[in-house]
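Student: Pasting start-v8.pdb here (PDB, C-alpha atoms and all ligand atoms):
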```pdb
MODEL        1
ATOM      1  CA  MET G 101       0.000   0.000   0.000  1.00  0.00           C
ATOM      2  CA  ARG G 102       1.326   3.410  -0.881  1.00  0.00           C
ATOM      3  CA  ARG G 103       1.599   5.725   2.101  1.00  0.00           C
ATOM      4  CA  ARG G 104       1.077   9.479   1.823  1.00  0.00           C
ATOM      5  CA  PHE G 105       4.756  10.307   2.335  1.00  0.00           C
ATOM      6  CA  ASP G 106       5.773   7.843  -0.374  1.00  0.00           C
ATOM      7  CA  ARG G 107       4.129  10.008  -2.992  1.00  0.00           C
ATOM      8  CA  PRO G 108       6.703  11.246  -5.521  1.00  0.00           C
ATOM      9  CA  PRO G 109       7.072  15.036  -5.711  1.00  0.00           C
ATOM     10  CA  CYS G 110       4.840  16.252  -8.499  1.00  0.00           C
ATOM     11  CA  ALA G 111       5.694  19.432 -10.349  1.00  0.00           C
ATOM     12  CA  GLN G 112       2.096  19.699 -11.592  1.00  0.00           C
ATOM     13  CA  GLU G 113       0.552  19.687  -8.106  1.00  0.00           C
ATOM     14  CA  ALA G 114      -1.816  22.602  -7.599  1.00  0.00           C
ATOM     15  CA  LYS G 115      -0.592  25.411  -5.382  1.00  0.00           C
ATOM     16  CA  THR G 116      -2.787  25.397  -2.292  1.00  0.00           C
ATOM     17  CA  VAL G 117      -1.398  28.180  -0.094  1.00  0.00           C
ATOM     18  CA  MET G 118      -2.258  31.433  -1.806  1.00  0.00           C
ATOM     19  CA  GLN G 119      -2.529  35.065  -0.810  1.00  0.00           C
ATOM     20  CA  ILE G 120      -5.058  36.894  -2.969  1.00  0.00           C
ATOM     21  CA  VAL G 121      -6.232  40.494  -2.686  1.00  0.00           C
ATOM     22  CA  PHE G 122      -9.664  41.549  -3.959  1.00  0.00           C
ATOM     23  CA  ILE G 123     -10.029  45.143  -5.095  1.00  0.00           C
ATOM     24  CA  GLY G 124     -13.327  46.666  -6.115  1.00  0.00           C
ATOM     25  CA  PRO G 125     -15.701  49.442  -5.142  1.00  0.00           C
ATOM     26  CA  PRO G 126     -18.381  48.830  -2.510  1.00  0.00           C
ATOM     27  CA  GLY G 127     -21.046  46.626  -4.076  1.00  0.00           C
ATOM     28  CA  ALA G 128     -18.680  44.962  -6.572  1.00  0.00           C
ATOM     29  CA  GLY G 129     -19.308  41.558  -4.962  1.00  0.00           C
ATOM     30  CA  LYS G 130     -15.985  41.101  -3.136  1.00  0.00           C
ATOM     31  CA  GLY G 131     -17.591  39.525  -0.056  1.00  0.00           C
ATOM     32  CA  THR G 132     -19.780  37.123  -2.051  1.00  0.00           C
ATOM     33  CA  GLN G 133     -16.946  36.028  -4.314  1.00  0.00           C
ATOM     34  CA  CYS G 134     -14.443  35.694  -1.457  1.00  0.00           C
ATOM     35  CA  GLU G 135     -16.835  33.352   0.344  1.00  0.00           C
ATOM     36  CA  ARG G 136     -17.097  31.173  -2.771  1.00  0.00           C
ATOM     37  CA  LEU G 137     -13.359  31.181  -3.318  1.00  0.00           C
ATOM     38  CA  ARG G 138     -12.773  30.447   0.374  1.00  0.00           C
ATOM     39  CA  LYS G 139     -14.805  27.256   0.028  1.00  0.00           C
ATOM     40  CA  TYR G 140     -13.156  26.361  -3.277  1.00  0.00           C
ATOM     41  CA  LEU G 141      -9.556  26.856  -2.100  1.00  0.00           C
ATOM     42  CA  GLY G 142     -10.039  26.090   1.598  1.00  0.00           C
ATOM     43  CA  ILE G 143      -8.177  29.206   2.681  1.00  0.00           C
ATOM     44  CA  ALA G 144      -9.077  31.997   5.109  1.00  0.00           C
ATOM     45  CA  HIS G 145     -11.302  34.966   4.222  1.00  0.00           C
ATOM     46  CA  LEU G 146     -10.066  38.154   5.860  1.00  0.00           C
ATOM     47  CA  SER G 147     -12.666  40.938   5.554  1.00  0.00           C
ATOM     48  CA  THR G 148     -11.618  44.105   7.362  1.00  0.00           C
ATOM     49  CA  GLY G 149     -15.190  45.454   7.025  1.00  0.00           C
ATOM     50  CA  ASP G 150     -16.622  42.351   8.771  1.00  0.00           C
ATOM     51  CA  MET G 151     -13.956  42.544  11.490  1.00  0.00           C
ATOM     52  CA  LEU G 152     -14.701  46.222  12.128  1.00  0.00           C
ATOM     53  CA  ARG G 153     -18.485  45.679  12.200  1.00  0.00           C
ATOM     54  CA  GLN G 154     -17.962  42.836  14.686  1.00  0.00           C
ATOM     55  CA  ALA G 155     -15.715  45.037  16.862  1.00  0.00           C
ATOM     56  CA  LYS G 156     -18.376  47.762  16.783  1.00  0.00           C
ATOM     57  CA  ALA G 157     -21.132  45.290  17.747  1.00  0.00           C
ATOM     58  CA  ASP G 158     -18.977  43.911  20.588  1.00  0.00           C
ATOM     59  CA  GLN G 159     -18.110  47.462  21.731  1.00  0.00           C
ATOM     60  CA  THR G 160     -14.416  46.617  22.024  1.00  0.00           C
ATOM     61  CA  GLU G 161     -11.848  49.443  22.306  1.00  0.00           C
ATOM     62  CA  ILE G 162     -11.284  49.309  18.555  1.00  0.00           C
ATOM     63  CA  GLY G 163     -15.039  49.046  18.005  1.00  0.00           C
ATOM     64  CA  LYS G 164     -15.665  52.281  19.890  1.00  0.00           C
ATOM     65  CA  LEU G 165     -12.850  53.978  18.029  1.00  0.00           C
ATOM     66  CA  VAL G 166     -14.137  53.048  14.568  1.00  0.00           C
ATOM     67  CA  THR G 167     -17.876  53.536  15.008  1.00  0.00           C
ATOM     68  CA  GLU G 168     -17.928  57.076  13.637  1.00  0.00           C
ATOM     69  CA  PHE G 169     -15.887  56.011  10.596  1.00  0.00           C
ATOM     70  CA  LEU G 170     -18.186  53.091   9.827  1.00  0.00           C
ATOM     71  CA  ASP G 171     -21.292  55.225  10.255  1.00  0.00           C
ATOM     72  CA  SER G 172     -20.036  57.981   7.963  1.00  0.00           C
ATOM     73  CA  GLY G 173     -18.473  55.650   5.388  1.00  0.00           C
ATOM     74  CA  ARG G 174     -15.024  57.195   5.865  1.00  0.00           C
ATOM     75  CA  LEU G 175     -11.910  55.052   5.896  1.00  0.00           C
ATOM     76  CA  VAL G 176     -10.602  53.975   9.285  1.00  0.00           C
ATOM     77  CA  PRO G 177      -7.012  55.262   9.824  1.00  0.00           C
ATOM     78  CA  ASP G 178      -4.295  53.003   8.393  1.00  0.00           C
ATOM     79  CA  PRO G 179      -2.574  52.144  11.730  1.00  0.00           C
ATOM     80  CA  VAL G 180      -5.821  50.738  13.167  1.00  0.00           C
ATOM     81  CA  ILE G 181      -6.434  48.578  10.105  1.00  0.00           C
ATOM     82  CA  GLU G 182      -2.823  47.436   9.896  1.00  0.00           C
ATOM     83  CA  LYS G 183      -2.933  46.309  13.521  1.00  0.00           C
ATOM     84  CA  ILE G 184      -6.084  44.212  13.138  1.00  0.00           C
ATOM     85  CA  VAL G 185      -4.794  42.614   9.931  1.00  0.00           C
ATOM     86  CA  ALA G 186      -1.414  41.782  11.494  1.00  0.00           C
ATOM     87  CA  GLU G 187      -3.199  40.128  14.428  1.00  0.00           C
ATOM     88  CA  ARG G 188      -5.612  38.230  12.198  1.00  0.00           C
ATOM     89  CA  LEU G 189      -2.735  36.855  10.112  1.00  0.00           C
ATOM     90  CA  GLN G 190      -1.353  35.181  13.239  1.00  0.00           C
ATOM     91  CA  GLN G 191      -4.439  32.966  13.502  1.00  0.00           C
ATOM     92  CA  PRO G 192      -3.946  29.327  12.469  1.00  0.00           C
ATOM     93  CA  ASP G 193      -6.447  29.299   9.592  1.00  0.00           C
ATOM     94  CA  CYS G 194      -4.346  31.925   7.751  1.00  0.00           C
ATOM     95  CA  ALA G 195      -1.472  29.437   7.473  1.00  0.00           C
ATOM     96  CA  ARG G 196      -3.423  27.856   4.603  1.00  0.00           C
ATOM     97  CA  GLY G 197      -3.465  31.191   2.745  1.00  0.00           C
ATOM     98  CA  CYS G 198      -5.696  34.205   2.798  1.00  0.00           C
ATOM     99  CA  LEU G 199      -8.215  36.119   0.715  1.00  0.00           C
ATOM    100  CA  PHE G 200      -7.993  39.818   1.537  1.00  0.00           C
ATOM    101  CA  ASP G 201     -11.403  41.449   1.133  1.00  0.00           C
ATOM    102  CA  GLY G 202     -11.529  45.245   1.502  1.00  0.00           C
ATOM    103  CA  PHE G 203      -7.843  45.479   2.410  1.00  0.00           C
ATOM    104  CA  PRO G 204      -5.626  47.143   1.354  1.00  0.00           C
ATOM    105  CA  ARG G 205      -7.556  50.283   0.479  1.00  0.00           C
ATOM    106  CA  THR G 206      -4.713  52.837   0.495  1.00  0.00           C
ATOM    107  CA  LEU G 207      -1.136  52.823  -0.792  1.00  0.00           C
ATOM    108  CA  GLY G 208       0.100  52.889   2.809  1.00  0.00           C
ATOM    109  CA  GLN G 209      -1.935  49.750   3.565  1.00  0.00           C
ATOM    110  CA  ALA G 210      -0.584  48.051   0.410  1.00  0.00           C
ATOM    111  CA  GLN G 211       2.994  48.740   1.490  1.00  0.00           C
ATOM    112  CA  SER G 212       2.200  47.502   4.956  1.00  0.00           C
ATOM    113  CA  LEU G 213       0.733  44.268   3.525  1.00  0.00           C
ATOM    114  CA  ASP G 214       3.895  43.775   1.462  1.00  0.00           C
ATOM    115  CA  GLN G 215       5.984  44.082   4.628  1.00  0.00           C
ATOM    116  CA  LEU G 216       3.712  41.759   6.592  1.00  0.00           C
ATOM    117  CA  LEU G 217       3.810  39.068   3.907  1.00  0.00           C
ATOM    118  CA  ALA G 218       7.569  39.473   3.450  1.00  0.00           C
ATOM    119  CA  SER G 219       8.053  38.983   7.187  1.00  0.00           C
ATOM    120  CA  LEU G 220       6.098  35.721   6.904  1.00  0.00           C
ATOM    121  CA  ASN G 221       8.026  34.727   3.777  1.00  0.00           C
ATOM    122  CA  LEU G 222       4.841  34.625   1.708  1.00  0.00           C
ATOM    123  CA  PRO G 223       4.384  35.966  -1.824  1.00  0.00           C
ATOM    124  CA  LEU G 224       1.294  37.915  -2.858  1.00  0.00           C
ATOM    125  CA  ASP G 225       0.010  35.615  -5.600  1.00  0.00           C
ATOM    126  CA  ALA G 226      -2.671  37.766  -7.206  1.00  0.00           C
ATOM    127  CA  VAL G 227      -4.710  40.924  -7.013  1.00  0.00           C
ATOM    128  CA  LEU G 228      -8.140  40.594  -8.594  1.00  0.00           C
ATOM    129  CA  ASN G 229      -9.769  43.831  -9.679  1.00  0.00           C
ATOM    130  CA  LEU G 230     -13.540  43.337  -9.802  1.00  0.00           C
ATOM    131  CA  SER G 231     -15.160  45.979 -11.981  1.00  0.00           C
ATOM    132  CA  VAL G 232     -18.850  46.799 -12.109  1.00  0.00           C
ATOM    133  CA  SER G 233     -20.673  49.732 -13.747  1.00  0.00           C
ATOM    134  CA  GLU G 234     -21.681  52.567 -11.435  1.00  0.00           C
ATOM    135  CA  SER G 235     -25.421  52.133 -12.076  1.00  0.00           C
ATOM    136  CA  GLU G 236     -25.179  48.438 -11.180  1.00  0.00           C
ATOM    137  CA  LEU G 237     -23.182  49.286  -8.019  1.00  0.00           C
ATOM    138  CA  LEU G 238     -25.833  51.715  -6.812  1.00  0.00           C
ATOM    139  CA  GLU G 239     -28.595  49.222  -7.512  1.00  0.00           C
ATOM    140  CA  ARG G 240     -26.773  46.474  -5.586  1.00  0.00           C
ATOM    141  CA  LEU G 241     -25.873  48.721  -2.636  1.00  0.00           C
ATOM    142  CA  LEU G 242     -29.338  50.158  -2.228  1.00  0.00           C
ATOM    143  CA  GLY G 243     -30.833  46.665  -2.502  1.00  0.00           C
ATOM    144  CA  ARG G 244     -28.434  45.255   0.120  1.00  0.00           C
ATOM    145  CA  GLY G 245     -29.792  47.332   3.015  1.00  0.00           C
ATOM    146  CA  ARG G 246     -26.678  47.206   5.240  1.00  0.00           C
ATOM    147  CA  GLY G 247     -26.447  49.915   7.940  1.00  0.00           C
ATOM    148  CA  ASP G 248     -23.875  51.935   5.982  1.00  0.00           C
ATOM    149  CA  ASP G 249     -25.653  51.525   2.625  1.00  0.00           C
ATOM    150  CA  LYS G 250     -27.334  54.956   2.759  1.00  0.00           C
ATOM    151  CA  PRO G 251     -27.042  57.406  -0.165  1.00  0.00           C
ATOM    152  CA  ASP G 252     -24.639  59.842   1.624  1.00  0.00           C
ATOM    153  CA  THR G 253     -22.441  57.081   2.978  1.00  0.00           C
ATOM    154  CA  ILE G 254     -22.381  55.298  -0.359  1.00  0.00           C
ATOM    155  CA  ARG G 255     -21.246  58.511  -2.076  1.00  0.00           C
ATOM    156  CA  GLN G 256     -18.441  58.927   0.478  1.00  0.00           C
ATOM    157  CA  ARG G 257     -17.293  55.319   0.024  1.00  0.00           C
ATOM    158  CA  LEU G 258     -17.326  55.592  -3.772  1.00  0.00           C
ATOM    159  CA  ARG G 259     -15.330  58.866  -3.584  1.00  0.00           C
ATOM    160  CA  ASP G 260     -12.739  57.248  -1.333  1.00  0.00           C
ATOM    161  CA  PHE G 261     -12.527  54.290  -3.662  1.00  0.00           C
ATOM    162  CA  ASP G 262     -11.764  56.583  -6.615  1.00  0.00           C
ATOM    163  CA  SER G 263      -9.232  58.788  -4.861  1.00  0.00           C
ATOM    164  CA  LEU G 264      -7.522  56.415  -2.392  1.00  0.00           C
ATOM    165  CA  THR G 265      -7.994  52.839  -3.584  1.00  0.00           C
ATOM    166  CA  LYS G 266      -7.841  53.103  -7.390  1.00  0.00           C
ATOM    167  CA  PRO G 267      -4.160  54.154  -7.293  1.00  0.00           C
ATOM    168  CA  LEU G 268      -3.464  50.634  -6.005  1.00  0.00           C
ATOM    169  CA  LEU G 269      -4.203  49.334  -9.494  1.00  0.00           C
ATOM    170  CA  ASP G 270      -1.043  51.036 -10.824  1.00  0.00           C
ATOM    171  CA  TYR G 271       0.911  49.818  -7.815  1.00  0.00           C
ATOM    172  CA  TYR G 272      -0.082  46.196  -8.372  1.00  0.00           C
ATOM    173  CA  ARG G 273       0.246  46.440 -12.160  1.00  0.00           C
ATOM    174  CA  ASP G 274       3.861  47.490 -11.591  1.00  0.00           C
ATOM    175  CA  HIS G 275       4.265  44.475  -9.276  1.00  0.00           C
ATOM    176  CA  ARG G 276       2.872  42.221 -12.070  1.00  0.00           C
ATOM    177  CA  VAL G 277       0.185  40.628  -9.912  1.00  0.00           C
ATOM    178  CA  LEU G 278      -2.896  42.467 -11.208  1.00  0.00           C
ATOM    179  CA  HIS G 279      -5.759  40.631 -12.964  1.00  0.00           C
ATOM    180  CA  HIS G 280      -8.982  42.250 -14.133  1.00  0.00           C
ATOM    181  CA  VAL G 281     -12.244  40.393 -13.637  1.00  0.00           C
ATOM    182  CA  ASP G 282     -15.551  41.531 -15.093  1.00  0.00           C
ATOM    183  CA  GLY G 283     -17.849  41.749 -12.063  1.00  0.00           C
ATOM    184  CA  MET G 284     -21.071  42.157 -14.087  1.00  0.00           C
ATOM    185  CA  GLY G 285     -23.562  39.308 -14.334  1.00  0.00           C
ATOM    186  CA  THR G 286     -24.728  36.673 -11.878  1.00  0.00           C
ATOM    187  CA  PRO G 287     -22.546  35.569  -8.921  1.00  0.00           C
ATOM    188  CA  ASP G 288     -22.060  32.215 -10.706  1.00  0.00           C
ATOM    189  CA  GLU G 289     -20.849  33.882 -13.893  1.00  0.00           C
ATOM    190  CA  VAL G 290     -18.415  36.100 -11.979  1.00  0.00           C
ATOM    191  CA  PHE G 291     -17.131  33.158  -9.956  1.00  0.00           C
ATOM    192  CA  GLN G 292     -16.394  31.174 -13.129  1.00  0.00           C
ATOM    193  CA  ARG G 293     -14.215  34.072 -14.345  1.00  0.00           C
ATOM    194  CA  ILE G 294     -12.397  34.214 -11.004  1.00  0.00           C
ATOM    195  CA  LYS G 295     -11.894  30.461 -10.980  1.00  0.00           C
ATOM    196  CA  THR G 296     -10.345  30.587 -14.458  1.00  0.00           C
ATOM    197  CA  VAL G 297      -7.765  33.149 -13.303  1.00  0.00           C
ATOM    198  CA  VAL G 298      -7.027  31.351 -10.029  1.00  0.00           C
ATOM    199  CA  ASP G 299      -6.794  27.875 -11.594  1.00  0.00           C
ATOM    200  CA  GLN G 300      -4.254  29.194 -14.086  1.00  0.00           C
ATOM    201  CA  LEU G 301      -2.169  30.639 -11.254  1.00  0.00           C
ATOM    202  CA  ARG G 302      -2.327  27.418  -9.250  1.00  0.00           C
ATOM    203  CA  GLY G 303      -0.894  25.461 -12.180  1.00  0.00           C
TER     204      GLY G 303
HETATM  205  P1  LIG G 401     -16.559  47.104   3.680  1.00  0.00           P
HETATM  206  O1  LIG G 401     -17.391  46.074   4.356  1.00  0.00           O
HETATM  207  O2  LIG G 401     -15.265  46.565   3.116  1.00  0.00           O
HETATM  208  O3  LIG G 401     -17.337  47.896   2.653  1.00  0.00           O
HETATM  209  O4  LIG G 401     -16.103  48.155   4.808  1.00  0.00           O
HETATM  210  C1  LIG G 401     -17.060  48.864   5.563  1.00  0.00           C
HETATM  211  C2  LIG G 401     -16.378  50.060   6.216  1.00  0.00           C
HETATM  212  O5  LIG G 401     -15.320  49.620   7.065  1.00  0.00           O
HETATM  213  C3  LIG G 401     -15.724  51.036   5.249  1.00  0.00           C
HETATM  214  O6  LIG G 401     -16.659  51.991   4.743  1.00  0.00           O
HETATM  215  C4  LIG G 401     -14.674  51.691   6.151  1.00  0.00           C
HETATM  216  O7  LIG G 401     -15.245  52.635   7.021  1.00  0.00           O
HETATM  217  C5  LIG G 401     -14.209  50.517   6.994  1.00  0.00           C
HETATM  218  N1  LIG G 401     -13.083  49.775   6.381  1.00  0.00           N
HETATM  219  C6  LIG G 401     -13.106  48.482   5.961  1.00  0.00           C
HETATM  220  N2  LIG G 401     -11.912  48.116   5.474  1.00  0.00           N
HETATM  221  C7  LIG G 401     -11.109  49.194   5.587  1.00  0.00           C
HETATM  222  C8  LIG G 401      -9.755  49.471   5.235  1.00  0.00           C
HETATM  223  N3  LIG G 401      -8.980  48.538   4.657  1.00  0.00           N
HETATM  224  N4  LIG G 401      -9.268  50.701   5.497  1.00  0.00           N
HETATM  225  C9  LIG G 401     -10.012  51.645   6.082  1.00  0.00           C
HETATM  226  N5  LIG G 401     -11.302  51.471   6.415  1.00  0.00           N
HETATM  227  C10 LIG G 401     -11.865  50.258   6.176  1.00  0.00           C
ENDMDL
END
```
For this file, write the structure as structure tokens.
Tutor:
Amino acid sequence: MRRRFDRPPCAQEAKTVMQIVFIGPPGAGKGTQCERLRKYLGIAHLSTGDMLRQAKADQTEIGKLVTEFLDSGRLVPDPVIEKIVAERLQQPDCARGCLFDGFPRTLGQAQSLDQLLASLNLPLDAVLNLSVSESELLERLLGRGRGDDKPDTIRQRLRDFDSLTKPLLDYYRDHRVLHHVDGMGTPDEVFQRIKTVVDQLRG
């Protein structure tokens, strides 16, 4: 009987530990697609928005600090975000790889992620840019009904995306890890496009 450790090394074996960043405006479907990809790859899903909403609900120190930012749709200061991400990356499930959803959102955060991953000896495998038309975004956000999905807050979040997060596309293009994914259509259609990109990267 062949035991697991007798298996010959196989150059074609799919890469299982991956670090993937999702970039896209609010409403682009990052959360939905990350959940699907989490199940498909069996790696952790790190959503800074979810972590902050949880901290707010639990009224932790960080939760109290970020409440006004969440309620107004403004970005939480980089040092706060960088701290919660660094802590989250220490958790055991992240050893299998991580999907970064809603982080990084500024150039400072992107540089900080590079340093964090370098310190863990991990490469950033891919950055997926999910694009969706503005009319579709508004329709999705207003239909979602989350606490911060109000017209004023949505406008603020879209403005921040344009001015602070979009520059990351140049940053990651220069680092040769950027892939564009059409985020229009049904969740299944979008996931098929993501899977095609990821399967190619896994080899
Ligand atoms: P999200 O669920 O990703 O749309 O995030 C909801 C809110 O959490 C945002 O509007 C920000 O106030 C805050 N937030 C989430 N991620 C970040 C981040 N990487 N940097 C700064 N603020 C963030």
Student: Return as a VMD selection string the residues of protein, DNA or RNA that approach ligand LIG 401 (chain G) to within 7 Å, with only C-alpha atoms and all ligand atoms taken into account.
Tutor: chain G and resid 126 147 to 150 152 169 to 170 173 to 178 181 201 to 205 257
Student: So, with all atoms listed in the file as the atoms that count, which of G:Lys266, G:Asp260, G:Met151, G:Arg138 lies closest to Ile184 (chain G)?
Tutor: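 Among G:Lys266, G:Asp260, G:Met151, G:Arg138, it is G:Met151 that comes nearest to Ile184 (chain G).
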Student: For the structure provided, state which residues fall under the PyMOL selection byres (((chain G and resi 287-298) around 12) and not hetatm), and present them as a PyMOL selection string.
Tutor: chain G and resi 114-122+128-141+199+225-232+277-286+299-303
Student: I want to know what sits within 12 Å of Pro192 (chain G), based on all atoms listed in the file, with residues of the same chain fewer than 5 positions away left out; could you give that as a PyMOL selection string?
Tutor: chain G and resi 143-144+187+197-198
Student: If we count all atoms listed in the file, what is near Gly208 (chain G) at a cut-off of 10 Å, once residues fewer than 6 positions away on the same chain are taken out, given as a list in words?
Tutor: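 These residues fall inside the cut-off: Asp178, Pro179, Glu182, Asp214, Leu264 and Leu268 of chain G.
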Student: Grab the CA of Gly127 (chain G) to CA of Asp248 (chain G) distance for me, in Å with one decimal place.
Tutor: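 Interatomic distance, CA of Gly127 (chain G) to CA of Asp248 (chain G): 11.7 Å.
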Student: Report, in Å with one decimal, the straight-line distance from CA of Gln215 (chain G) to CA of Val185 (chain G).
Tutor: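 One can read the CA of Gln215 (chain G) to CA of Val185 (chain G) distance as 12.1 Å.
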Student: Go ahead and compute the interatomic distance for CA of Arg246 (chain G) and CA of Asp262 (chain G), in Å to one decimal.
Tutor: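 Taking CA of Arg246 (chain G) and CA of Asp262 (chain G), their separation equals 21.2 Å.
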Student: Just checking: using all atoms listed in the file, which residue out of G:Ile254, G:Asp270, G:Leu224, G:Ser219 ends up closest to Leu238 (chain G)?
Tutor: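 Closest to Leu238 (chain G), using all atoms listed in the file: G:Ile254.
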Student: Give the centre and edge lengths of an axis-aligned box, in Å to one decimal, that holds all listed atoms of region 267-273 of chain G with 4 Å on each side, as lines of an AutoDock Vina configuration file.
Tutor:
```
center_x = -1.6
center_y = 50.2
center_z = -9.1
size_x = 13.1
size_y = 16.0
size_z = 14.2
```
Student: Select, from G:Val180, G:Val166, G:Tyr272, G:Cys194, the residue with the minimum atom-to-atom distance to Leu222 (chain G), counting all atoms listed in the file.
Tutor: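 Nearest candidate to Leu222 (chain G) out of G:Val180, G:Val166, G:Tyr272, G:Cys194: G:Cys194.
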Student: Name all residues at most 10 Å from Ala186 (chain G) (count only C-alpha atoms; drop same-chain ones fewer than 6 positions away) and give them as a list in words.
Tutor: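 Answer for this query is Ser212, Leu213, Leu216 and Leu217 of chain G.
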Student: Between G:Arg255, G:Asn221, G:Glu113, G:Gln191, which one has atoms that come closest to Glu234 (chain G), using only C-alpha atoms?
Tutor: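 Result for the nearest residue to Glu234 (chain G): G:Arg255.
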Student: Please return region 183-195 of chain G, rebuilt to N, CA, C and O atoms, as a PDB file, in the coordinates of the input.
Tutor:
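Heads up, here's the output in out_33.pdb:
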```
ATOM      1  N   LYS G 183      -3.053  47.089  12.286  1.00  0.00           N
ATOM      2  CA  LYS G 183      -2.933  46.309  13.521  1.00  0.00           C
ATOM      3  C   LYS G 183      -3.892  45.111  13.498  1.00  0.00           C
ATOM      4  O   LYS G 183      -3.488  43.992  13.827  1.00  0.00           O
ATOM      5  N   ILE G 184      -5.144  45.340  13.087  1.00  0.00           N
ATOM      6  CA  ILE G 184      -6.084  44.212  13.138  1.00  0.00           C
ATOM      7  C   ILE G 184      -5.734  43.150  12.087  1.00  0.00           C
ATOM      8  O   ILE G 184      -5.900  41.968  12.313  1.00  0.00           O
ATOM      9  N   VAL G 185      -5.184  43.599  10.952  1.00  0.00           N
ATOM     10  CA  VAL G 185      -4.794  42.614   9.931  1.00  0.00           C
ATOM     11  C   VAL G 185      -3.590  41.807  10.416  1.00  0.00           C
ATOM     12  O   VAL G 185      -3.561  40.571  10.291  1.00  0.00           O
ATOM     13  N   ALA G 186      -2.612  42.489  11.008  1.00  0.00           N
ATOM     14  CA  ALA G 186      -1.414  41.782  11.494  1.00  0.00           C
ATOM     15  C   ALA G 186      -1.820  40.732  12.531  1.00  0.00           C
ATOM     16  O   ALA G 186      -1.317  39.601  12.514  1.00  0.00           O
ATOM     17  N   GLU G 187      -2.755  41.081  13.402  1.00  0.00           N
ATOM     18  CA  GLU G 187      -3.199  40.128  14.428  1.00  0.00           C
ATOM     19  C   GLU G 187      -3.948  38.952  13.804  1.00  0.00           C
ATOM     20  O   GLU G 187      -3.755  37.803  14.171  1.00  0.00           O
ATOM     21  N   ARG G 188      -4.809  39.281  12.843  1.00  0.00           N
ATOM     22  CA  ARG G 188      -5.612  38.230  12.198  1.00  0.00           C
ATOM     23  C   ARG G 188      -4.721  37.227  11.457  1.00  0.00           C
ATOM     24  O   ARG G 188      -4.998  36.025  11.460  1.00  0.00           O
ATOM     25  N   LEU G 189      -3.630  37.736  10.877  1.00  0.00           N
ATOM     26  CA  LEU G 189      -2.735  36.855  10.112  1.00  0.00           C
ATOM     27  C   LEU G 189      -2.004  35.850  10.999  1.00  0.00           C
ATOM     28  O   LEU G 189      -1.458  34.865  10.512  1.00  0.00           O
ATOM     29  N   GLN G 190      -1.988  36.125  12.307  1.00  0.00           N
ATOM     30  CA  GLN G 190      -1.353  35.181  13.239  1.00  0.00           C
ATOM     31  C   GLN G 190      -2.241  33.975  13.507  1.00  0.00           C
ATOM     32  O   GLN G 190      -1.790  32.977  14.061  1.00  0.00           O
ATOM     33  N   GLN G 191      -3.531  34.069  13.155  1.00  0.00           N
ATOM     34  CA  GLN G 191      -4.439  32.966  13.502  1.00  0.00           C
ATOM     35  C   GLN G 191      -4.185  31.752  12.603  1.00  0.00           C
ATOM     36  O   GLN G 191      -3.830  31.904  11.432  1.00  0.00           O
ATOM     37  N   PRO G 192      -4.374  30.551  13.168  1.00  0.00           N
ATOM     38  CA  PRO G 192      -3.946  29.327  12.469  1.00  0.00           C
ATOM     39  C   PRO G 192      -4.560  29.152  11.080  1.00  0.00           C
ATOM     40  O   PRO G 192      -3.902  28.655  10.173  1.00  0.00           O
ATOM     41  N   ASP G 193      -5.827  29.555  10.905  1.00  0.00           N
ATOM     42  CA  ASP G 193      -6.447  29.299   9.592  1.00  0.00           C
ATOM     43  C   ASP G 193      -5.736  30.053   8.465  1.00  0.00           C
ATOM     44  O   ASP G 193      -5.790  29.642   7.310  1.00  0.00           O
ATOM     45  N   CYS G 194      -5.034  31.150   8.795  1.00  0.00           N
ATOM     46  CA  CYS G 194      -4.346  31.925   7.751  1.00  0.00           C
ATOM     47  C   CYS G 194      -3.101  31.212   7.225  1.00  0.00           C
ATOM     48  O   CYS G 194      -2.576  31.588   6.174  1.00  0.00           O
ATOM     49  N   ALA G 195      -2.650  30.178   7.947  1.00  0.00           N
ATOM     50  CA  ALA G 195      -1.472  29.437   7.473  1.00  0.00           C
ATOM     51  C   ALA G 195      -1.773  28.749   6.144  1.00  0.00           C
ATOM     52  O   ALA G 195      -0.869  28.440   5.376  1.00  0.00           O
TER      53      ALA G 195
END
```
